[in-house]
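A.B. asks: Got a structure for you, written out below as structure tokens; questions coming shortly.
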Amino acid sequence: EAFSRDKMLRTVCILAICASASAFAPSPNVVLKGSQPASLKLPSAPRSARSNAFGLRMHHGDDHDILLRAAKGEETNRAPVWLMRQAGRYMKDFRAFSNKYPFRKRSETPEIAIELSLQPFKAFGTDGVIMFSDILTPLPSMGVDFDVVKGSGPVIFDPIRSMDQVKALTPIDDPDATTPFIREILGSLRKETEGKATLLGFIGSPFTLAAYAVEGKANKNCFQTKKMMQNNPEIMHAFLEHIAQNIATYACHQIECGAQVLQIFESWAHHLGPDDFSIFAKPYADRVIELIKAKHPDTPLIYFANGGSSYLERQK
């Protein structure tokens, strides 16, 4: 049954989660459609039916851009398959890199990031290839430095707690100067995936980035952020506005470097009730989307609010 436009728009934010089950636990009747990258040397086989190392049959042809078409609301003969955390430690080859190099070395060195981005595509033939990066990658461009500590996760060295700190933040005027690796990573990936799969970029939504920067690290209670929201909302709003303006610039840069679809992750939405979501998260996500669409009206955007299912109606 073809997916109608309305059905696709209702389900687009959860397709990646469903894809995990499809990719890792296929039934005997499942056909995972996709393509092999040109750099993968395989014995000759009929184009219509090659198998990868996992025994999943992969078909070539018109489905190479199914993810892009589905994201645009077009009818497709099936749901596209990709994983939100596509490159990851579930893969032995990925762990070999993570054991050797720290996170920022991996994500900011083009040849490593390109390899890690392509690993799941080579293994599973997914319909999308996602740039290997992190939602925090643009923060240093705004004057908020961070690192990823193995076993602990991201650490912000100087958490944002005052209006003076917000006023001292820098704009992202030239992404090529502050994140020069992005153009090479996405440009190379676009060449690798052209005619084979859809290339996705991604950003963190303003609230999630602000919460990370205020807390200084992942925190299950998000206490400092909630304290600022309640006691000093003017600081939070000023910070969110700065992030929204500049993360939109960074997102547009990804599109201009080759990303065909952009994912916007509200990873910390589960810390918010419906009203706080409508005050501190949604307006700034909407602002980012507005700024991106002003420059790239035809690029599909996927907004995913983790843990926000209790207020789905507010995410429209």
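Ligands are numbered from 1 in the order shown, residues from 1 within each chain, and chains are lettered A, B, ... in the order they appear in the structure tokens.
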Could you produce a table of the residues of stretch 117-202 of chain A lying within 12 Å of stretch 247-259 of chain A, with the nearest pair of atoms per residue and their separation in Å rounded to one decimal, using only C-alpha atoms, ordered by chain and increasing residue number, as JSON lines?

C.D. replies:
{"residue": "A:Gly128", "atom": "CA", "partner": "A:Ala259", "partner_atom": "CA", "distance": 10.8}
{"residue": "A:Val129", "atom": "CA", "partner": "A:Ala259", "partner_atom": "CA", "distance": 9.7}
{"residue": "A:Ile130", "atom": "CA", "partner": "A:Ala259", "partner_atom": "CA", "distance": 8.9}
{"residue": "A:Met131", "atom": "CA", "partner": "A:Ala259", "partner_atom": "CA", "distance": 8.6}
{"residue": "A:Ser133", "atom": "CA", "partner": "A:Gln254", "partner_atom": "CA", "distance": 11.6}
{"residue": "A:Ile135", "atom": "CA", "partner": "A:Ile247", "partner_atom": "CA", "distance": 9.9}
{"residue": "A:Leu136", "atom": "CA", "partner": "A:Ile247", "partner_atom": "CA", "distance": 10.3}
{"residue": "A:Thr137", "atom": "CA", "partner": "A:Tyr250", "partner_atom": "CA", "distance": 9.9}
{"residue": "A:Pro138", "atom": "CA", "partner": "A:Tyr250", "partner_atom": "CA", "distance": 7.2}
{"residue": "A:Leu139", "atom": "CA", "partner": "A:Ile247", "partner_atom": "CA", "distance": 8.9}
{"residue": "A:Pro140", "atom": "CA", "partner": "A:Ile247", "partner_atom": "CA", "distance": 11.8}
{"residue": "A:Ser141", "atom": "CA", "partner": "A:Tyr250", "partner_atom": "CA", "distance": 9.6}
{"residue": "A:Met142", "atom": "CA", "partner": "A:Ile247", "partner_atom": "CA", "distance": 9.3}
{"residue": "A:Thr170", "atom": "CA", "partner": "A:Ile247", "partner_atom": "CA", "distance": 11.9}
{"residue": "A:Pro171", "atom": "CA", "partner": "A:Thr249", "partner_atom": "CA", "distance": 9.4}
{"residue": "A:Ile172", "atom": "CA", "partner": "A:Thr249", "partner_atom": "CA", "distance": 6.9}
{"residue": "A:Asp173", "atom": "CA", "partner": "A:Thr249", "partner_atom": "CA", "distance": 8.0}
{"residue": "A:Asp174", "atom": "CA", "partner": "A:Thr249", "partner_atom": "CA", "distance": 8.9}
{"residue": "A:Pro175", "atom": "CA", "partner": "A:Tyr250", "partner_atom": "CA", "distance": 6.5}
{"residue": "A:Asp176", "atom": "CA", "partner": "A:His253", "partner_atom": "CA", "distance": 8.3}
{"residue": "A:Ala177", "atom": "CA", "partner": "A:His253", "partner_atom": "CA", "distance": 11.6}
{"residue": "A:Thr178", "atom": "CA", "partner": "A:Tyr250", "partner_atom": "CA", "distance": 10.2}
{"residue": "A:Thr179", "atom": "CA", "partner": "A:Tyr250", "partner_atom": "CA", "distance": 9.1}
{"residue": "A:Pro180", "atom": "CA", "partner": "A:His253", "partner_atom": "CA", "distance": 10.7}
{"residue": "A:Phe181", "atom": "CA", "partner": "A:Cys257", "partner_atom": "CA", "distance": 10.6}
{"residue": "A:Ile182", "atom": "CA", "partner": "A:Gln254", "partner_atom": "CA", "distance": 7.1}
{"residue": "A:Arg183", "atom": "CA", "partner": "A:Cys257", "partner_atom": "CA", "distance": 5.2}
{"residue": "A:Glu184", "atom": "CA", "partner": "A:Cys257", "partner_atom": "CA", "distance": 8.0}
{"residue": "A:Ile185", "atom": "CA", "partner": "A:Cys257", "partner_atom": "CA", "distance": 8.5}
{"residue": "A:Leu186", "atom": "CA", "partner": "A:Gly258", "partner_atom": "CA", "distance": 5.5}
{"residue": "A:Gly187", "atom": "CA", "partner": "A:Gly258", "partner_atom": "CA", "distance": 5.6}
{"residue": "A:Ser188", "atom": "CA", "partner": "A:Gly258", "partner_atom": "CA", "distance": 8.7}
{"residue": "A:Leu189", "atom": "CA", "partner": "A:Gly258", "partner_atom": "CA", "distance": 8.0}
{"residue": "A:Arg190", "atom": "CA", "partner": "A:Gly258", "partner_atom": "CA", "distance": 5.8}
{"residue": "A:Lys191", "atom": "CA", "partner": "A:Gly258", "partner_atom": "CA", "distance": 8.9}
{"residue": "A:Glu192", "atom": "CA", "partner": "A:Gly258", "partner_atom": "CA", "distance": 11.2}
{"residue": "A:Thr193", "atom": "CA", "partner": "A:Gly258", "partner_atom": "CA", "distance": 10.4}
{"residue": "A:Glu194", "atom": "CA", "partner": "A:Gly258", "partner_atom": "CA", "distance": 10.1}
{"residue": "A:Ala197", "atom": "CA", "partner": "A:Ala259", "partner_atom": "CA", "distance": 11.4}
{"residue": "A:Thr198", "atom": "CA", "partner": "A:Ala259", "partner_atom": "CA", "distance": 8.3}
{"residue": "A:Leu199", "atom": "CA", "partner": "A:Ala259", "partner_atom": "CA", "distance": 5.3}
{"residue": "A:Leu200", "atom": "CA", "partner": "A:Ala259", "partner_atom": "CA", "distance": 5.2}
{"residue": "A:Gly201", "atom": "CA", "partner": "A:Ala259", "partner_atom": "CA", "distance": 5.3}
{"residue": "A:Phe202", "atom": "CA", "partner": "A:Ala251", "partner_atom": "CA", "distance": 7.3}

A.B. asks: Filtering to N, CA and C atoms, could you give me those residues as a short mmCIF file (atom, residue, chain, number, x, y, z; two decimals), in the first residue's frame?

C.D. replies:
data_model
loop_
_atom_site.label_atom_id
_atom_site.label_comp_id
_atom_site.auth_asym_id
_atom_site.auth_seq_id
_atom_site.Cartn_x
_atom_site.Cartn_y
_atom_site.Cartn_z
N GLY A 128 19.42 5.99 4.00
CA GLY A 128 20.03 7.28 4.32
C GLY A 128 21.42 7.10 4.87
N VAL A 129 22.28 8.06 4.59
CA VAL A 129 23.61 8.13 5.19
C VAL A 129 23.65 9.41 6.01
N ILE A 130 23.99 9.28 7.30
CA ILE A 130 24.01 10.43 8.21
C ILE A 130 25.45 10.82 8.51
N MET A 131 25.73 12.10 8.34
CA MET A 131 27.06 12.60 8.67
C MET A 131 27.40 12.26 10.12
N SER A 133 28.79 13.10 13.38
CA SER A 133 29.10 14.37 14.04
C SER A 133 28.44 14.36 15.40
N ILE A 135 25.62 16.94 18.03
CA ILE A 135 24.82 18.16 18.09
C ILE A 135 25.60 19.31 18.73
N LEU A 136 26.64 19.00 19.53
CA LEU A 136 27.41 20.05 20.19
C LEU A 136 28.52 20.61 19.32
N THR A 137 28.75 20.04 18.16
CA THR A 137 29.87 20.45 17.31
C THR A 137 29.91 21.95 17.03
N PRO A 138 28.80 22.64 16.81
CA PRO A 138 28.87 24.08 16.53
C PRO A 138 29.04 24.96 17.76
N LEU A 139 28.94 24.41 18.97
CA LEU A 139 29.01 25.25 20.17
C LEU A 139 30.32 26.04 20.28
N PRO A 140 31.49 25.44 20.02
CA PRO A 140 32.73 26.24 20.11
C PRO A 140 32.72 27.45 19.17
N SER A 141 32.00 27.34 18.06
CA SER A 141 31.89 28.49 17.15
C SER A 141 31.14 29.65 17.78
N MET A 142 30.35 29.35 18.82
CA MET A 142 29.60 30.38 19.54
C MET A 142 30.30 30.78 20.83
N THR A 170 29.68 34.44 20.75
CA THR A 170 30.07 34.90 19.42
C THR A 170 29.10 34.37 18.36
N PRO A 171 28.93 35.10 17.27
CA PRO A 171 28.07 34.63 16.18
C PRO A 171 28.84 33.67 15.26
N ILE A 172 28.09 32.84 14.56
CA ILE A 172 28.70 31.99 13.54
C ILE A 172 28.59 32.75 12.22
N ASP A 173 29.58 33.57 11.94
CA ASP A 173 29.57 34.37 10.71
C ASP A 173 30.11 33.60 9.52
N ASP A 174 31.06 32.71 9.78
CA ASP A 174 31.72 31.98 8.69
C ASP A 174 31.94 30.54 9.11
N PRO A 175 30.96 29.66 8.85
CA PRO A 175 31.10 28.26 9.26
C PRO A 175 32.32 27.57 8.65
N ASP A 176 32.72 28.01 7.46
CA ASP A 176 33.90 27.40 6.84
C ASP A 176 35.16 27.69 7.65
N ALA A 177 35.15 28.81 8.37
CA ALA A 177 36.32 29.16 9.17
C ALA A 177 36.30 28.46 10.53
N THR A 178 35.12 28.33 11.13
CA THR A 178 35.04 27.77 12.49
C THR A 178 34.83 26.26 12.50
N THR A 179 34.20 25.73 11.45
CA THR A 179 34.03 24.27 11.32
C THR A 179 34.43 23.86 9.90
N PRO A 180 35.72 23.99 9.57
CA PRO A 180 36.16 23.76 8.18
C PRO A 180 35.99 22.32 7.72
N PHE A 181 35.89 21.39 8.63
CA PHE A 181 35.77 19.97 8.29
C PHE A 181 34.41 19.61 7.72
N ILE A 182 33.38 20.41 8.01
CA ILE A 182 32.02 20.07 7.58
C ILE A 182 31.91 20.01 6.06
N ARG A 183 32.47 20.98 5.38
CA ARG A 183 32.36 21.01 3.91
C ARG A 183 33.00 19.77 3.28
N GLU A 184 34.17 19.39 3.75
CA GLU A 184 34.83 18.22 3.17
C GLU A 184 34.07 16.94 3.48
N ILE A 185 33.57 16.83 4.72
CA ILE A 185 32.84 15.62 5.10
C ILE A 185 31.58 15.46 4.25
N LEU A 186 30.75 16.50 4.24
CA LEU A 186 29.49 16.39 3.51
C LEU A 186 29.71 16.35 2.00
N GLY A 187 30.67 17.11 1.51
CA GLY A 187 30.94 17.09 0.08
C GLY A 187 31.38 15.72 -0.39
N SER A 188 32.26 15.08 0.35
CA SER A 188 32.72 13.74 -0.01
C SER A 188 31.60 12.71 0.12
N LEU A 189 30.81 12.83 1.19
CA LEU A 189 29.71 11.90 1.37
C LEU A 189 28.67 12.03 0.26
N ARG A 190 28.43 13.26 -0.18
CA ARG A 190 27.45 13.46 -1.26
C ARG A 190 27.92 12.76 -2.54
N LYS A 191 29.22 12.83 -2.82
CA LYS A 191 29.75 12.14 -3.99
C LYS A 191 29.61 10.63 -3.84
N GLU A 192 29.87 10.12 -2.62
CA GLU A 192 29.79 8.68 -2.37
C GLU A 192 28.35 8.16 -2.48
N THR A 193 27.39 8.99 -2.10
CA THR A 193 26.00 8.52 -2.00
C THR A 193 25.14 8.93 -3.19
N GLU A 194 25.65 9.75 -4.08
CA GLU A 194 24.86 10.24 -5.21
C GLU A 194 24.29 9.07 -6.00
N ALA A 197 21.77 6.76 -2.15
CA ALA A 197 21.07 6.97 -0.88
C ALA A 197 20.92 8.46 -0.64
N THR A 198 20.10 8.81 0.34
CA THR A 198 19.90 10.21 0.73
C THR A 198 20.90 10.58 1.82
N LEU A 199 21.50 11.76 1.69
CA LEU A 199 22.48 12.23 2.67
C LEU A 199 21.80 13.15 3.67
N LEU A 200 21.93 12.84 4.96
CA LEU A 200 21.31 13.62 6.02
C LEU A 200 22.36 14.35 6.86
N GLY A 201 22.06 15.60 7.16
CA GLY A 201 22.79 16.34 8.16
C GLY A 201 21.89 16.48 9.39
N PHE A 202 22.41 17.09 10.45
CA PHE A 202 21.57 17.27 11.63
C PHE A 202 22.13 18.36 12.54
#

A.B. asks: Give me every strand (DSSP E) residue in stretch 79-177 of chain A, going by DSSP on the backbone, as a ChimeraX atom specification.

C.D. replies: /A:128-130,146-149,153-156

A.B. asks: If we count only C-alpha atoms and set the cut-off at 10 Å, which residues sit around stretch 144-161 of chain A, ignoring sequence neighbours fewer than 3 positions away in its own chain? Please answer as a ChimeraX atom specification.

C.D. replies: /A:98-99,102-104,134,136-141,164-166,169-170,210-218,224-225,228,232,235-236,239

A.B. asks: Using the selection just defined, write its residues with C-alpha atoms as a PDB file, in the first residue's frame.

C.D. replies:
ATOM      1  CA  SER A  98      36.549   4.875  19.179  1.00  0.00           C
ATOM      2  CA  ASN A  99      39.147   2.880  21.077  1.00  0.00           C
ATOM      3  CA  PRO A 102      38.845  10.607  21.066  1.00  0.00           C
ATOM      4  CA  PHE A 103      35.416  11.708  19.891  1.00  0.00           C
ATOM      5  CA  ARG A 104      36.254  15.151  18.557  1.00  0.00           C
ATOM      6  CA  ASP A 134      27.517  15.635  17.253  1.00  0.00           C
ATOM      7  CA  LEU A 136      27.408  20.049  20.194  1.00  0.00           C
ATOM      8  CA  THR A 137      29.872  20.448  17.307  1.00  0.00           C
ATOM      9  CA  PRO A 138      28.873  24.080  16.530  1.00  0.00           C
ATOM     10  CA  LEU A 139      29.012  25.253  20.169  1.00  0.00           C
ATOM     11  CA  PRO A 140      32.727  26.240  20.106  1.00  0.00           C
ATOM     12  CA  SER A 141      31.889  28.485  17.145  1.00  0.00           C
ATOM     13  CA  ASP A 164      27.179  38.470  30.894  1.00  0.00           C
ATOM     14  CA  GLN A 165      28.158  35.067  29.528  1.00  0.00           C
ATOM     15  CA  VAL A 166      25.292  35.168  27.048  1.00  0.00           C
ATOM     16  CA  LEU A 169      28.812  34.651  22.984  1.00  0.00           C
ATOM     17  CA  THR A 170      30.068  34.899  19.415  1.00  0.00           C
ATOM     18  CA  ALA A 210      21.121  25.510  25.840  1.00  0.00           C
ATOM     19  CA  ALA A 211      20.387  22.830  28.444  1.00  0.00           C
ATOM     20  CA  TYR A 212      23.681  21.091  27.743  1.00  0.00           C
ATOM     21  CA  ALA A 213      25.533  24.404  28.005  1.00  0.00           C
ATOM     22  CA  VAL A 214      23.792  25.441  31.227  1.00  0.00           C
ATOM     23  CA  GLU A 215      24.174  22.066  32.945  1.00  0.00           C
ATOM     24  CA  GLY A 216      27.740  21.545  31.781  1.00  0.00           C
ATOM     25  CA  LYS A 217      27.067  17.866  31.102  1.00  0.00           C
ATOM     26  CA  ALA A 218      24.244  15.393  30.745  1.00  0.00           C
ATOM     27  CA  GLN A 224      20.368  24.298  36.652  1.00  0.00           C
ATOM     28  CA  THR A 225      18.376  24.719  33.445  1.00  0.00           C
ATOM     29  CA  MET A 228      17.205  29.450  35.152  1.00  0.00           C
ATOM     30  CA  ASN A 232      15.900  34.069  35.384  1.00  0.00           C
ATOM     31  CA  ILE A 235      18.741  34.840  30.549  1.00  0.00           C
ATOM     32  CA  MET A 236      17.373  31.630  29.094  1.00  0.00           C
ATOM     33  CA  PHE A 239      20.559  32.395  25.216  1.00  0.00           C
TER      34      PHE A 239
END

A.B. asks: Write out as a ChimeraX atom specification the set of residues from stretch 118-242 of chain A that DSSP, computed on the backbone, places in helix (DSSP H, G or I).

C.D. replies: /A:118-124,139-142,163-167,175-178,181-193,206-215,223-231,233-242

A.B. asks: Residues of stretch 63-161 of chain A that have any atom at most 10 Å from an atom of stretch 289-299 of chain A: could you tabulate them with the shortest-distance atom pair and the distance in Å to one decimal, using only C-alpha atoms, ordered by chain and increasing number, as a tab-separated table?

C.D. replies:
residue	atom	partner	partner_atom	distance
A:Leu68	CA	A:Thr299	CA	9.1
A:Ala71	CA	A:Thr299	CA	9.0
A:Lys72	CA	A:Thr299	CA	8.1

A.B. asks: In Å, rounded to a single decimal, give me how far atom CA of A:His237 is from atom CA of A:Val261.

C.D. replies: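 Spanning atom CA of A:Val261 to atom CA of A:His237 is a straight-line distance of 27.9 Å.
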
A.B. asks: Using only C-alpha atoms, find the one residue out of A:Phe121, A:Ile302, A:Met91, A:Ser278 that sits nearest to A:Leu262.

C.D. replies: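 Going through A:Phe121, A:Ile302, A:Met91, A:Ser278 one by one, the smallest distance to A:Leu262 is for A:Ile302.
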
A.B. asks: When you draw a straight line from atom CA of A:Ala79 to atom CA of A:Ile203, how long is it in Å?

C.D. replies: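 Between atom CA of A:Ala79 and atom CA of A:Ile203 the gap is 23.1 Å.
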